[in-house]
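**Student:** Here's a structure for you.
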Amino acid sequence: MSTFFKYMMAVVMVTIVQDTFAQTHQLEKLWETDTVVRVPESVLPDLKNGILYVSEIDGNPNAVDGKGGVAKIGLDGKIIDLDFTAGLNAPKGLGRFGNELYAADLSEVVVIDINTGKVKNKIPIDSAKALNDITVNDKGVVYVSDSKTKKIHRIEKGKISTFLTNIGGVNGLKAIGGDLYILGGQKFMKSDSKGNLTPITTLSCGGDGLEPVGNGDFLITCWSGHIFYVSADGKIETLLDIQEKKVNTADLAYDAAKHILYVPTFWGKKVMAYKLITTK
């Protein structure tokens, strides 16, 4: 190999590396609903059928009042049904496996028939005080966080166990393969199937929702009004900061094919959609 060719290869490699590190991301707002969604906390997409399932607290986020439920909204932001599921308390995180929708509802996991919106079952979690986010892996195993007791519970074939303890500020969860990605306060970490934790990065605020981009990177929200792009190596980019506007950004959803984020605004009573744009 000639010296000149080696030199040119080195130049190309340096350029590739520089381009990789120069890559940045930003959000373009697409739409927002009217302020009619009753304290939305989590969004779960059914992209095939063009539906966003949205948990509605509708009042005090800690009250056992029967006012909460699940709404259906179109991918274009149009309201389909604000009363798809009714009679819950303060539902937050949502998950799905097959035709069953799971909602974290204070001290129990509610199982909903996704075709009818009717409650099929309620799974009480002993000692639970504030069940928050929920995720379901590809084998149907459910994980649910309890922010007040600092625990993550596991439900498999109806059997309940405690998977992890002492996770301060635990909130957002995402099961991917045999791993569980976790937001605990400002810490973003990963657990293997045996509960061994690996730190990924530290945020500037308490993490709420997280969704994989599809390339090892993640989108992460803080309830305070922040959205971050977190690369696999822990690098953090701030995509949105609307804290001064007092608009919350709770448990988001993400369409990896179309690069669209769906973000519930909690007290803002609306859902917003953004396009993720990658620039260099």
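Just so we're on the same page: first chain in the structure tokens is A, next is B, and so on; residues restart at 1 for each chain, and ligands are numbered from 1 in the order they show up.
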Which neighbours of Leu27 in chain A fall inside 8 Å, counting only C-alpha atoms, when residues of the same chain fewer than 2 positions from it are skipped, and could you give them as a list of chain:residue names?

**Tutor:** A:His25, A:Lys29, A:Leu239, A:Leu240, A:Tyr274, A:Lys275, A:Leu276, A:Ile277

**Student:** Range 102-138 of chain A near range 152-175 of chain A within 12 Å: what's each residue's closest atom pair and its distance in Å to one decimal, counting only C-alpha atoms, ordered by chain then ascending residue number, as a tab-separated table?

**Tutor:**
```
residue	atom	partner	partner_atom	distance
A:Tyr102	CA	A:Ile155	CA	11.3
A:Ala104	CA	A:His153	CA	11.3
A:Ser107	CA	A:His153	CA	11.4
A:Glu108	CA	A:His153	CA	11.0
A:Val109	CA	A:Ile155	CA	9.5
A:Val111	CA	A:Gly158	CA	11.3
A:Asn121	CA	A:Gly158	CA	10.7
A:Lys122	CA	A:Gly158	CA	10.6
A:Ile123	CA	A:Gly158	CA	8.1
A:Pro124	CA	A:Ile160	CA	9.2
A:Ile125	CA	A:Ile160	CA	7.5
A:Asp126	CA	A:Ile160	CA	9.2
A:Ser127	CA	A:Thr162	CA	10.9
A:Ala128	CA	A:His153	CA	9.4
A:Ala130	CA	A:Asn171	CA	10.0
A:Leu131	CA	A:Asn171	CA	8.7
A:Asn132	CA	A:Asn171	CA	6.0
A:Asp133	CA	A:Gly172	CA	5.4
A:Ile134	CA	A:Leu173	CA	6.3
A:Thr135	CA	A:Lys174	CA	5.6
A:Val136	CA	A:Ala175	CA	6.3
A:Asn137	CA	A:Ala175	CA	5.2
A:Asp138	CA	A:Ala175	CA	8.2
```

**Student:** Give me, please, the distance in Å between CA of Asn89 in chain A and CA of Gly117 in chain A, quoted to one decimal.

**Tutor:** 15.2 Å

**Student:** Select, from A:Gly95, A:Ala257, A:Val142, A:Asp113, the residue with the minimum atom-to-atom distance to Lys48 in chain A, counting only C-alpha atoms.

**Tutor:**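 Under the stated criterion, the closest residue is A:Ala257.
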
**Student:** Contacts of Asp58 in chain A at 7 Å or less, counting only C-alpha atoms, minus same-chain residues fewer than 3 places along, as a VMD selection string?

**Tutor:** chain A and resid 38 to 39 67 to 68

**Student:** Could the residues in this selection be saved with N, CA, C and O atoms as a compact mmCIF listing (two decimals), in the first residue's frame?

**Tutor:**
```txt
# COMPACT_ATOMS: atom_id res chain seq x y z
N ARG A 38 -57.36 14.98 29.92
CA ARG A 38 -57.47 15.21 31.36
C ARG A 38 -56.26 14.72 32.15
O ARG A 38 -56.23 13.61 32.65
N VAL A 39 -55.26 15.61 32.20
CA VAL A 39 -53.97 15.34 32.87
C VAL A 39 -53.31 14.08 32.30
O VAL A 39 -53.23 13.04 32.94
N LYS A 67 -61.67 8.64 38.94
CA LYS A 67 -61.83 9.62 37.87
C LYS A 67 -60.91 9.38 36.68
O LYS A 67 -61.09 9.96 35.62
N GLY A 68 -59.89 8.54 36.87
CA GLY A 68 -58.90 8.34 35.82
C GLY A 68 -59.36 7.40 34.73
O GLY A 68 -60.38 6.72 34.84
```

**Student:** Between A:Glu28, A:Asp255, A:Asp217, A:Asp208, which residue has the minimum interatomic distance to Glu237 in chain A, considering only C-alpha atoms?

**Tutor:**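 Ranked by minimum distance to Glu237 in chain A, first place goes to A:Asp217.
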
**Student:** With DSSP run on the backbone, what are the strand (DSSP E or B) residues within range 84-264 of chain A? I'd like them as a PyMOL selection string.

**Tutor:** chain A and resi 84-88+94-97+100-106+108-113+119-124+131-136+142-146+151-156+159-164+170-176+179-184+187-191+197-202+207-212+218-222+226-230+236-241+251+253-255+260-264

**Student:** Do a neighbour search on Asp192 in chain A at 9 Å with only C-alpha atoms, toss out local chain neighbours closer than 4 positions, and write the hits as a list in words.

**Tutor:** Gly178, Asp179, Leu180, Tyr181, Asn196, Leu197 and Thr198 of chain A

**Student:** The selected residues should be written to file as a PDB file, in the first residue's frame (atoms: N, CA, C and O atoms).

**Tutor:**
```pdb
ATOM      1  N   GLY A 178     -33.292  -8.943  26.816  1.00  0.00           N
ATOM      2  CA  GLY A 178     -33.118  -9.384  28.190  1.00  0.00           C
ATOM      3  C   GLY A 178     -32.732  -8.285  29.147  1.00  0.00           C
ATOM      4  O   GLY A 178     -32.493  -8.546  30.328  1.00  0.00           O
ATOM      5  N   ASP A 179     -32.673  -7.042  28.659  1.00  0.00           N
ATOM      6  CA  ASP A 179     -32.256  -5.915  29.496  1.00  0.00           C
ATOM      7  C   ASP A 179     -33.437  -5.032  29.877  1.00  0.00           C
ATOM      8  O   ASP A 179     -34.451  -4.967  29.168  1.00  0.00           O
ATOM      9  N   LEU A 180     -33.276  -4.328  30.996  1.00  0.00           N
ATOM     10  CA  LEU A 180     -34.266  -3.357  31.444  1.00  0.00           C
ATOM     11  C   LEU A 180     -33.563  -2.024  31.644  1.00  0.00           C
ATOM     12  O   LEU A 180     -32.647  -1.906  32.462  1.00  0.00           O
ATOM     13  N   TYR A 181     -33.968  -1.016  30.872  1.00  0.00           N
ATOM     14  CA  TYR A 181     -33.406   0.328  31.006  1.00  0.00           C
ATOM     15  C   TYR A 181     -34.244   1.101  32.022  1.00  0.00           C
ATOM     16  O   TYR A 181     -35.475   1.027  32.008  1.00  0.00           O
ATOM     17  N   ASN A 196     -28.326  -7.024  37.737  1.00  0.00           N
ATOM     18  CA  ASN A 196     -27.029  -6.351  37.810  1.00  0.00           C
ATOM     19  C   ASN A 196     -27.104  -5.029  37.054  1.00  0.00           C
ATOM     20  O   ASN A 196     -27.476  -5.006  35.874  1.00  0.00           O
ATOM     21  N   LEU A 197     -26.751  -3.923  37.731  1.00  0.00           N
ATOM     22  CA  LEU A 197     -26.919  -2.590  37.165  1.00  0.00           C
ATOM     23  C   LEU A 197     -25.634  -2.060  36.537  1.00  0.00           C
ATOM     24  O   LEU A 197     -24.545  -2.237  37.081  1.00  0.00           O
ATOM     25  N   THR A 198     -25.810  -1.399  35.401  1.00  0.00           N
ATOM     26  CA  THR A 198     -24.706  -0.724  34.724  1.00  0.00           C
ATOM     27  C   THR A 198     -25.108   0.729  34.476  1.00  0.00           C
ATOM     28  O   THR A 198     -26.132   0.984  33.831  1.00  0.00           O
TER      29      THR A 198
END
```

**Student:** Counting only C-alpha atoms, which residue out of A:His226, A:Gly140, A:Ile236, A:Phe218 sits closest to Thr202 in chain A?

**Tutor:**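 Smallest distance to Thr202 in chain A is found for A:Ile236.
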
**Student:** Could you jot down the CA of Phe188 in chain A to CA of Gly207 in chain A separation for me, Å, one decimal place?

**Tutor:** 7.7 Å
